[in-house]
Amino acid sequence: MSNLVAIVGRPNVGKSTLFNRLTKSRRAIVNEEAGTTRDRQYGKSEWQGREFSVVDTGGWVVNSDDIFEEEIRKQVLLAVDEADVILFVVDVMNGVTDLDMQVAAILRRANSPVIIVANKTDNHDLQYNAPEFYKLGLGDPYCISAITGSGTGDLMDLIVSKFKKEASEILDDEIPRFAVVGRPNAGKSSIVNAFIGEDRNIVTEIAGTTRDSIYTRYNKFGFDFYLVDTAGIRKKNKVNEDLEYYSVIRSIRAIEGSDVCILMLDATRGVESQDLNIFSLIQKNQKGLVVVINKWDLVEDKSVKVQKTFEEAVRSRFAPFVDFPIIFASALTKQRILKVLEEARNVYEHRTTKIPTARLNEEMLPLIEAYPPPSNKGKYIKIKYITQLPNTQVPSFVYFANLPQYVKEPYKRFLENKMREKWNLTGTPVNIYIRQK
Ligand code: GDP
Ligand code: GDP
């Protein structure tokens with residue numbers, strides 16, 4: 001689980017400009033899926049070899065006067081709850097406002113470090129306005145200009161210096177990490193309770209990693225794994241749960257800390273936009289996926305036909321990624337609970353699949369010969385050799401070709417589908433790269 005940096009502050013101080021600056025370097029690389037609203041507010045960044053996530057919580061604020069201050073208050077509370085480092089952005093051109101004072105009052109009670117970012121310091125003289133921000137009671141203001149980029153490198157140094165340890169510095173890398181995610185009321189706490197039950201002997205809590213995340217080591221029934229236990233599962237209703245952004249941020253933390261996500265859907269509700277947003281976060285982070293259709297006990301007609309229809313509906317909503325297990329379960333009656341763990345373990349194994357180069361070439365080259373990539377401008381495209389990259393998060397393959405730029409997405413999908421037919425890669429994303437031979 002990487003560190004989370006939250007950007008807060010009243011409107012127009014430059015939060016989204018700063019967000020773009022902090023995340024820009026990675027945005028081109030991260031597998032972006034257009035269309036989900038979350039993309040604008042959640043991004044990845046890297047500095048001095050440390051990866052971290054940035055959230056512009058302000059992006060969620062509804063801009064209507066009467067609920068305005070309340071929204072900002074919630075946004076700040078959320079950051080206090082979730083972030084490892086909070087960037088409190090203020091505007092040197094405007095100085096301190098009432099709203100700044102209100103935000104500061106909440107932030108002074110935060111446990112996480114707060115950095116006052118005095119933005120819009122576009123020139124040297126504007127620095128002389130900064131001492132006014134001492135009255136916020138949060139220490140030294142840090143002058144930057146999000147627009148010109150001045151001061152942002154030093155700000156990054158400061159942010160990184162305040163980070164907590166990463167889970168990877170503490171946990172055993174050989175043991176899979178599972179996260180239970182889903183929208184509020186899908187049954188996340190119930191299934192975690194069903195796994196763990198009253199039997200406290202089978203779990204060990206491992207604290208001390210990034211803020212508010214606790215890994216639970218589970219060892220029973222032949223299973224040995226970490227469960228990412230976020231605050232979202234443990235303490236409820238600190239902030240209004242039906243705010244979508246709240247549950248999404250909770251999910252981000254759990255997803256990042258996991259290898260395989262157990263996505264809970266509510267059988268009585270089907271797939272809704274919030275489920276899709278969480279799914280796209282799982283995809284974007286390249287995590288393994290097991291879908292649980294929970295509350296199956298409440299569905300009267302459990303016929304094979306109804307199951308099939310349900311399954312197809314789920315897969316079509318998640319397309320083009322369709323190769324993942326779907327389990328009809330009940331956290332309440334514990335029906336198929338162990339099956340969920342079994343599938344999560346299978347997906348973890350698929351995620352770590354290694355296919356020997358010889359087998360890759362034996363199986364795939366004849367297929368490619370029979371169905372070659374379409375020629376481009378009269379030029380024939382030849383794929384000559386395939387190999388798997390070592391030490392990647394998910395199975396990643398390089399296809400060496402004479403004219404890699406002409407191999408298009410549909411053909412890559414064709415290759416991926418064929419690989420999924422030949423090897424069991426259910427539940428894991430796969431990367432396919434075409435490179436120059
Ligand atoms: P947000 O509402 O806090 O997310 O603020 P925005 O990032 O949307 O910025 C509000 C306005 O301030 C925009 O017109 C930005 O171009 C401008 N702005 C942001 N950063 C700077 C800066 O460093 N200097 C100046 N002069 N303007 C800035
Ligand atoms: P969370 O918000 O995702 O953690 O959801 P909870 O685990 O708190 O469950 C929300 C509500 O759904 C509670 O009232 C649970 O008792 C109920 N619930 C959870 N799983 C099931 C299930 O499999 N069947 C039924 N009938 N109710 C369930």
# chains A, B, ... in the order shown; residues from 1 in each chain; ligands from 1
>>> residues_near_ligand(ligand="ligand 2", cutoff="9 Å", atoms="only C-alpha atoms and all ligand atoms", output="ChimeraX atom specification")
/A:180-193,232-234,236,241,264,266-267,293-298,329-335
>>> residues_near_ligand(ligand="ligand 1", cutoff="10 Å", atoms="only C-alpha atoms and all ligand atoms", output="JSON, numbers by chain")
{"A": [7, 8, 9, 10, 11, 12, 13, 14, 15, 16, 17, 18, 19, 20, 21, 56, 57, 58, 59, 61, 89, 90, 91, 92, 93, 118, 119, 120, 121, 122, 123, 143, 144, 145, 146, 147, 148, 149, 150]}
>>> select_by_dssp(residues="region 289-400 of chain A", states="strand (DSSP E)", output="list in words")
Leu289, Val290, Val291, Val292, Ile293, Asn294, Ile326, Ile327, Phe328, Ile383, Lys384, Tyr385, Ile386, Thr387, Gln388, Ser396, Phe397, Val398, Tyr399 and Phe400 of chain A
>>> closest_atom_pairs(of="region 313-371 of chain A", to="region 418-429 of chain A", cutoff="7 Å", atoms="only C-alpha atoms", output="JSON lines")
{"residue": "A:Asp323", "atom": "CA", "partner": "A:Thr426", "partner_atom": "CA", "distance": 5.3}
{"residue": "A:Phe324", "atom": "CA", "partner": "A:Gly427", "partner_atom": "CA", "distance": 4.0}
{"residue": "A:Pro325", "atom": "CA", "partner": "A:Gly427", "partner_atom": "CA", "distance": 6.4}
{"residue": "A:Val347", "atom": "CA", "partner": "A:Gly427", "partner_atom": "CA", "distance": 5.3}
{"residue": "A:His350", "atom": "CA", "partner": "A:Leu425", "partner_atom": "CA", "distance": 5.0}
{"residue": "A:Arg351", "atom": "CA", "partner": "A:Thr428", "partner_atom": "CA", "distance": 5.3}
>>> residues_around(residues="Tyr399 (chain A)", least_positions_apart="4", cutoff="8 Å", atoms="only C-alpha atoms", output="list in words")
Ile383, Lys384, Tyr385, Ile386, Thr387, Ile432, Tyr433, Ile434 and Arg435 of chain A
>>> write_last_selection(atoms="C-alpha atoms", output="mmCIF file, in the first residue's frame")
data_model
loop_
_atom_site.group_PDB
_atom_site.id
_atom_site.type_symbol
_atom_site.label_atom_id
_atom_site.label_comp_id
_atom_site.auth_asym_id
_atom_site.auth_seq_id
_atom_site.Cartn_x
_atom_site.Cartn_y
_atom_site.Cartn_z
ATOM 1 C CA ILE A 383 6.440 -11.588 -35.156
ATOM 2 C CA LYS A 384 9.559 -13.612 -34.629
ATOM 3 C CA TYR A 385 10.016 -14.260 -30.979
ATOM 4 C CA ILE A 386 8.148 -14.057 -27.668
ATOM 5 C CA THR A 387 9.383 -13.868 -24.134
ATOM 6 C CA ILE A 432 1.384 -7.497 -24.000
ATOM 7 C CA TYR A 433 4.101 -5.347 -25.521
ATOM 8 C CA ILE A 434 5.244 -5.331 -29.115
ATOM 9 C CA ARG A 435 8.869 -4.358 -29.566
#
>>> atom_distance(atom1="CA of Arg177 (chain A)", atom2="CA of Ser258 (chain A)")
4.8 Å
>>> select_by_dssp(residues="region 289-322 of chain A", states="helix (DSSP H, G or I)", output="JSON, numbers by chain")
{"A": [296, 297, 298, 304, 305, 306, 307, 308, 309, 310, 311, 312, 313, 314, 315, 316, 317, 318]}
>>> residues_around(residues="Glu132 (chain A)", least_positions_apart="2", cutoff="12 Å", atoms="only C-alpha atoms", output="PDB file with C-alpha atoms, in the first residue's frame")
ATOM      1  CA  VAL A  90      -3.660  28.587   0.458  1.00  0.00           C
ATOM      2  CA  ASP A  91      -3.308  31.575  -1.837  1.00  0.00           C
ATOM      3  CA  VAL A  92      -0.540  34.143  -1.198  1.00  0.00           C
ATOM      4  CA  MET A  93      -2.274  36.656  -3.395  1.00  0.00           C
ATOM      5  CA  ASN A  94      -5.409  36.589  -1.211  1.00  0.00           C
ATOM      6  CA  GLY A  95      -3.967  35.944   2.216  1.00  0.00           C
ATOM      7  CA  VAL A  96      -5.859  34.201   5.015  1.00  0.00           C
ATOM      8  CA  THR A  97      -9.647  33.942   4.699  1.00  0.00           C
ATOM      9  CA  ASP A 100      -8.896  28.990   5.617  1.00  0.00           C
ATOM     10  CA  MET A 101      -9.187  29.483   9.383  1.00  0.00           C
ATOM     11  CA  ILE A 116       0.874  24.553   4.298  1.00  0.00           C
ATOM     12  CA  ALA A 118       1.414  28.906  -0.082  1.00  0.00           C
ATOM     13  CA  LEU A 126       5.063  37.503  -3.208  1.00  0.00           C
ATOM     14  CA  GLN A 127       7.043  35.490  -0.644  1.00  0.00           C
ATOM     15  CA  TYR A 128       6.771  38.427   1.719  1.00  0.00           C
ATOM     16  CA  ASN A 129       3.039  37.732   2.036  1.00  0.00           C
ATOM     17  CA  ALA A 130       3.655  34.219   3.313  1.00  0.00           C
ATOM     18  CA  TYR A 134       1.670  31.403  10.520  1.00  0.00           C
ATOM     19  CA  LYS A 135      -1.588  32.411  12.107  1.00  0.00           C
ATOM     20  CA  LEU A 136      -3.118  29.172  10.812  1.00  0.00           C
ATOM     21  CA  GLY A 137      -1.148  27.487  13.588  1.00  0.00           C
ATOM     22  CA  LEU A 138       0.262  24.744  11.387  1.00  0.00           C
ATOM     23  CA  GLY A 139       3.909  25.680  11.112  1.00  0.00           C
ATOM     24  CA  ASP A 140       5.925  27.041   8.234  1.00  0.00           C
ATOM     25  CA  PRO A 141       4.186  27.968   4.998  1.00  0.00           C
ATOM     26  CA  TYR A 142       5.864  26.519   1.976  1.00  0.00           C
TER      27      TYR A 142
END
>>> closest_residue(among="A:Thr357, A:Ser53, A:Asn402, A:Gln102", to="Ile72 (chain A)", atoms="only C-alpha atoms")
A:Gln102
>>> closest_residue(among="A:Leu389, A:Leu276, A:Leu415, A:Leu171", to="Ile355 (chain A)", atoms="only C-alpha atoms")
A:Leu389
>>> atom_distance(atom1="CA of Asp259 (chain A)", atom2="CA of Ala319 (chain A)")
20.7 Å
>>> atom_distance(atom1="CA of Asp224 (chain A)", atom2="CA of Ser280 (chain A)")
27.4 Å
>>> closest_residue(among="A:Ser273, A:Gly151, A:Lys164, A:Val85", to="His124 (chain A)", atoms="only C-alpha atoms")
A:Gly151
